[in-house]
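Trainee: Sharing a structure below in structure tokens format, with a few things to ask.
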Amino acid sequence: MLKLLRYLKRKEWLFFLLSLVFIAAQVWLDLKLPDYMSEITKLVETEGSAMNDIWTAGGMMLLCSLGSLASSVAVCFLASNIAAGFSKRLRSAMYYKVQSFSKNEIGRFSTPSLITRSTNDVMQVQMLIVMSMQVVIKAPLMAIWAITKIAGKAWQWSLATGITVAILMALMALILALTFPRFRRVQWLQDGLNRSARENLTGIRVVRAFNAEKYQHDKFQKSNTELRNNQLFANRAMTFITPIMSLSMNLLSMSIYWIGAILINSVSLNGAEALAQRVDIFADMIVFMSYAMQMIMSFLMMAAVFVIAPRAFVAAGRINEVLDTEPSVKDGYGEPEEKDWVSMCLLDPDGSENAVIDLHGSTVFFGGDAVFTIRSEAASRQMIEFEHVSYRYPGGSGDVLSDISFKIARGQTVAIVGSTGSGKTTLVNLIPRFSDPTEGRILVDGTDVKNYTLKQLSEKISYASQKPLMFTGTVASNVAMGCSAEPERLEAALRIAQADEFVGSLPDGAASPVARGGVNFSGGQKQRLSIARALCRRSDILILDDSFSALDFKTDRALRNGLKHELGDTTVIIVAQRIGTIMGADKIIVLDDGRIAGIGKHRELLSDCEVYRQIALSQLSEEELAL
Ligand code: ADP
């Protein structure tokens, strides 16, 4: 929890210090009340007291109460301000952190858990801050101040109060120890419940189609019941706090009166002196009683915090887990742009501005570290190069890709084929660094992908994923994502992706709305919009991961023709299942169980690669293949 406080700003620390002043004022005013009460008690017990004096003391009590109320409102205002600003910053920090995560980290935490952590967990911490500022600081201050005020009165009263406080503290520690692990589990179960609810909602059509409502309901109920049981246990334990507090308060008052009665009875003097002494003891008892009650009330207030503190501590731990996680895919130092390269060539050690030094192939050092190598013509000729790449999913038992090596020249169209699960998606995901290879390296335009900044790399690569993702907005906003939305560019992207016809037939054309998840479009339409989005960016490399699967054969062919004739020297990688889609590619890479089974053109592979031949034969007849 303390670790999270680094997200507080200077202004909030100032507010915190200011609230300390108000809290101190509030405690001082609250503890002033018993003094006036004692004065009134003495005035009432003393013969010949003036009514005016009682009114004055009463008036002061009223002023103290109003002052205490005003201070309490000020603390409340400051606490809410601090907590709201703090939690906004915490949510932003988590948002940016999660944005930097690769698939590995997101998979490790799981999406529902990341959502719970950024919303519910942050709210728990926010609530604790508000409560703490109002209570946690005030209560001990009040208790200590009250103790100093009552010290020196009869030791029997102090002893009774001491015993009560000790018992209360022990009980609170016990309850906290019992509930803390349960609250940890409650947060964890909350993630599970979110996951279950999400699955049910996103898959509602499948659930209904398969009459699996009962099965899903039972699964949901299992998580729900376990969550309820844990919450019940924790909350039941918490419900004991208030009755225990009330009981101790009542027992303590009884003891104070009882001890007071004994003390008054034990006065051995007679006459007026005895009366005066008894009045003094009685007034002391009233004052002691008020202070002791203030002290126990402080504990009672602390108990309210204890109800939420365990959950907030667990939540803070979970937030820290996210914030402390270092993304496994980190920015490189950045590949110099062409203009930097030229200016380096013009830098001459002798100071002559016109001298051009041939730096091709040399490695540039800054502070002893090799920073980058000036690309030679030969190196930059390959657009993509895999060098002995292997990949294993975190926690996986074996390599999903093993020793993959190939080269793709600029402007080539390369297809990747293989049976389901052979590693095609995993392979293409390594190029834009959704994950990094466990072994080997990948070069894009002659440079290790790890050396680019993620922004530079994403500008070089456009990607249409297997599952087209649509965002709430319009067709134009979905396609123009990440590129300038010039109408010509948008139109060209829609045309090449074979989406212009259906978009044109929409009532508002490209300005037509896209619902959440693109539910108002068919699978094939979403795929074409997703391809148009990738095309709109006009990057050097275009990766289409099984993006043709929902297209009919005619659209598939038209799209391939469009890509072939309109993309210039863009390097295209197509992951596809259909032989028809890929047989015209410049190069086909055949994957089999994470290994390369063959590389070549369609005809070469048909004769040389058995895996490819089997895939082709499963889709086309011998005659069609021969044609
Ligand atoms: P393809 O695209 O050829 O169908 P994938 O690259 O999606 O194959 O998957 C290759 C293998 O990696 C499969 O055996 C699959 O089970 C496994 N795999 C895919 N994603 C994950 C993941 N996130 N965690 C663990 N294993 C995975």
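Ordering of the structure tokens sets the chain letters (A, B, ...), residue numbers begin anew at 1 in every chain, and ligands are numbered from 1 in the order given.
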List the neighbours of Asp53 of chain A out to 12 Å using only C-alpha atoms; skip same-chain residues closer than 2 positions along the sequence, and give me the result as a short mmCIF file (atom, residue, chain, number, x, y, z; two decimals) with N, CA and C atoms, in the first residue's frame.

Mentor:
data_model
loop_
_atom_site.label_atom_id
_atom_site.label_comp_id
_atom_site.auth_asym_id
_atom_site.auth_seq_id
_atom_site.Cartn_x
_atom_site.Cartn_y
_atom_site.Cartn_z
N TYR A 36 -15.58 21.49 29.78
CA TYR A 36 -16.74 22.35 30.05
C TYR A 36 -17.82 21.57 30.80
N GLU A 39 -16.94 21.54 34.31
CA GLU A 39 -17.21 22.86 34.90
C GLU A 39 -18.70 22.99 35.24
N ILE A 40 -19.54 22.54 34.28
CA ILE A 40 -20.98 22.63 34.51
C ILE A 40 -21.38 21.74 35.69
N THR A 41 -20.78 20.50 35.75
CA THR A 41 -21.11 19.58 36.86
C THR A 41 -20.79 20.25 38.20
N LYS A 42 -19.59 20.88 38.25
CA LYS A 42 -19.19 21.52 39.51
C LYS A 42 -20.14 22.67 39.84
N LEU A 43 -20.51 23.45 38.81
CA LEU A 43 -21.41 24.60 39.04
C LEU A 43 -22.76 24.13 39.57
N VAL A 44 -23.24 23.00 39.00
CA VAL A 44 -24.55 22.48 39.41
C VAL A 44 -24.48 21.98 40.85
N GLY A 48 -25.19 28.20 45.18
CA GLY A 48 -25.00 29.64 44.89
C GLY A 48 -24.36 29.92 43.55
N SER A 49 -24.23 28.91 42.67
CA SER A 49 -23.64 29.16 41.34
C SER A 49 -24.59 30.00 40.50
N ALA A 50 -24.01 30.86 39.63
CA ALA A 50 -24.86 31.72 38.79
C ALA A 50 -25.24 30.98 37.51
N MET A 51 -26.52 31.14 37.12
CA MET A 51 -27.03 30.48 35.91
C MET A 51 -26.24 30.94 34.68
N TRP A 55 -24.63 28.96 31.43
CA TRP A 55 -24.92 29.32 30.03
C TRP A 55 -23.62 29.53 29.25
N THR A 56 -22.66 30.22 29.88
CA THR A 56 -21.38 30.50 29.19
C THR A 56 -20.69 29.20 28.83
N ALA A 57 -20.59 28.29 29.86
CA ALA A 57 -19.92 27.01 29.60
C ALA A 57 -20.65 26.23 28.52
N GLY A 58 -22.00 26.27 28.59
CA GLY A 58 -22.81 25.57 27.57
C GLY A 58 -22.56 26.15 26.18
N GLY A 59 -22.49 27.50 26.11
CA GLY A 59 -22.24 28.18 24.84
C GLY A 59 -20.90 27.77 24.25
N MET A 60 -19.88 27.66 25.12
CA MET A 60 -18.54 27.26 24.65
C MET A 60 -18.59 25.83 24.09
#

Trainee: Residues of segment 258-348 of chain A that have any atom at most 12 Å from an atom of segment 190-211 of chain A: could you tabulate them with the shortest-distance atom pair and the distance in Å to one decimal, using only C-alpha atoms, ordered by chain and increasing number, as a tab-separated table?

Mentor:
residue	atom	partner	partner_atom	distance
A:Arg311	CA	A:Gln190	CA	11.9
A:Ala315	CA	A:Gln190	CA	11.5
A:Arg318	CA	A:Asp191	CA	11.5

Trainee: Identify, counting only C-alpha atoms and all ligand atoms, the protein, DNA and RNA residues located within 10 Å of ligand 1, and give them as a PyMOL selection string.

Mentor: chain A and resi 103-104+106-108+391-401+416-429+466+545-546+575-577+591-594

Trainee: When DSSP works through the backbone of this structure, what residues of segment 378-483 of chain A end up as helix (DSSP H, G or I), shown as a PyMOL selection string?

Mentor: chain A and resi 378-380+424-430+449-451+454-460+475-479

Trainee: May I have the residues within 10 Å of Val186 of chain A as a list in words, using only C-alpha atoms and disregarding those fewer than 4 positions away in the same chain?

Mentor: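 Here the qualifying residues turn out to be Phe180, Pro181, Arg182, Gln190, Asp191, Gly192, Glu226, Leu227, Arg228, Asn229, Asn230, Gln231, Ala234, Arg311 and Val314 of chain A.
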
Trainee: Would you mind listing what lies within 7 Å of Ile264 of chain A as a ChimeraX atom specification, with only C-alpha atoms counted and same-chain residues fewer than 3 positions away left out?

Mentor: /A:260-261,267,278,281

Trainee: Can I get the selected residues back with C-alpha atoms, as a PDB file, in the first residue's frame?

Mentor:
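Final file, result-v9.pdb:
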ATOM      1  CA  GLY A 260     -16.332   6.052  41.215  1.00  0.00           C
ATOM      2  CA  ALA A 261     -18.977   4.912  43.719  1.00  0.00           C
ATOM      3  CA  VAL A 267     -14.084   9.479  51.602  1.00  0.00           C
ATOM      4  CA  ARG A 278     -17.028  13.948  46.844  1.00  0.00           C
ATOM      5  CA  ILE A 281     -14.430  12.880  42.575  1.00  0.00           C
TER       6      ILE A 281
END

Trainee: Can you tell me, as a PyMOL selection string, which residues in segment 360-592 of chain A count as strand (DSSP E or B) by DSSP?

Mentor: chain A and resi 363-366+369-373+382-391+401-409+413-418+439-444+447-448+461-464+473-474+513-514+541-545+571-575+587-592

Trainee: Between atom CA of Phe233 of chain A and atom CA of Pro112 of chain A, what is the distance in Å, rounded to a tenth?

Mentor: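 Atom CA of Pro112 of chain A lies 24.5 Å from atom CA of Phe233 of chain A.
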
Trainee: Restricting the calculation to only C-alpha atoms, which member of A:Val414, A:Ile531, A:Glu491, A:Asn250 is positioned closest to Met583 of chain A?

Mentor: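 Looking only at the distances to Met583 of chain A, the closest residue turns out to be A:Val414.
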
Trainee: Set the distance at 6 Å and use only C-alpha atoms: which residues neighbour Ser402 of chain A once local chain neighbours fewer than 2 positions away are removed? I'd like the list as a list of chain:residue names.

Mentor: A:Ser390, A:Ile404, A:Gly594, A:Arg595

Trainee: Could you write those residues out with C-alpha atoms, as a compact mmCIF listing (two decimals), in the first residue's frame?

Mentor:
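This is the output file selection-v9.txt:
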# COMPACT_ATOMS: atom_id res chain seq x y z
CA SER A 390 12.54 -21.02 -31.99
CA ILE A 404 12.99 -21.50 -38.43
CA GLY A 594 6.52 -25.92 -35.83
CA ARG A 595 9.23 -26.85 -38.35

Trainee: Contacts of Gly162 of chain A at 12 Å or less, counting only C-alpha atoms, minus same-chain residues fewer than 4 places along, as an mmCIF file with C-alpha atoms, in the first residue's frame?

Mentor:
data_model
loop_
_atom_site.group_PDB
_atom_site.id
_atom_site.type_symbol
_atom_site.label_atom_id
_atom_site.label_comp_id
_atom_site.auth_asym_id
_atom_site.auth_seq_id
_atom_site.Cartn_x
_atom_site.Cartn_y
_atom_site.Cartn_z
ATOM 1 C CA ALA A 143 -6.764 8.114 22.023
ATOM 2 C CA ILE A 147 -4.959 9.260 27.743
ATOM 3 C CA ILE A 150 -7.004 11.325 32.104
ATOM 4 C CA ALA A 151 -3.585 10.316 33.388
ATOM 5 C CA TRP A 155 -5.299 4.736 38.885
ATOM 6 C CA GLN A 156 -8.232 2.295 39.204
ATOM 7 C CA TRP A 157 -10.027 4.046 36.337
ATOM 8 C CA SER A 158 -6.846 4.053 34.203
ATOM 9 C CA ALA A 166 -5.776 -4.273 25.490
ATOM 10 C CA ILE A 167 -8.660 -6.728 25.036
ATOM 11 C CA LEU A 168 -10.009 -4.694 22.106
ATOM 12 C CA MET A 169 -6.641 -4.598 20.342
ATOM 13 C CA SER A 248 -16.640 -3.088 25.966
ATOM 14 C CA LEU A 252 -16.092 0.182 30.848
ATOM 15 C CA ALA A 292 -12.695 7.101 28.016
ATOM 16 C CA MET A 295 -11.085 6.808 23.274
ATOM 17 C CA ILE A 296 -13.296 3.764 22.773
#

Trainee: Which residue out of A:Pro34, A:Glu45, A:Asn265, A:Gln187 has the minimum interatomic distance to Ser113 of chain A when only C-alpha atoms are used?

Mentor: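 Nearest candidate to Ser113 of chain A out of A:Pro34, A:Glu45, A:Asn265, A:Gln187: A:Gln187.
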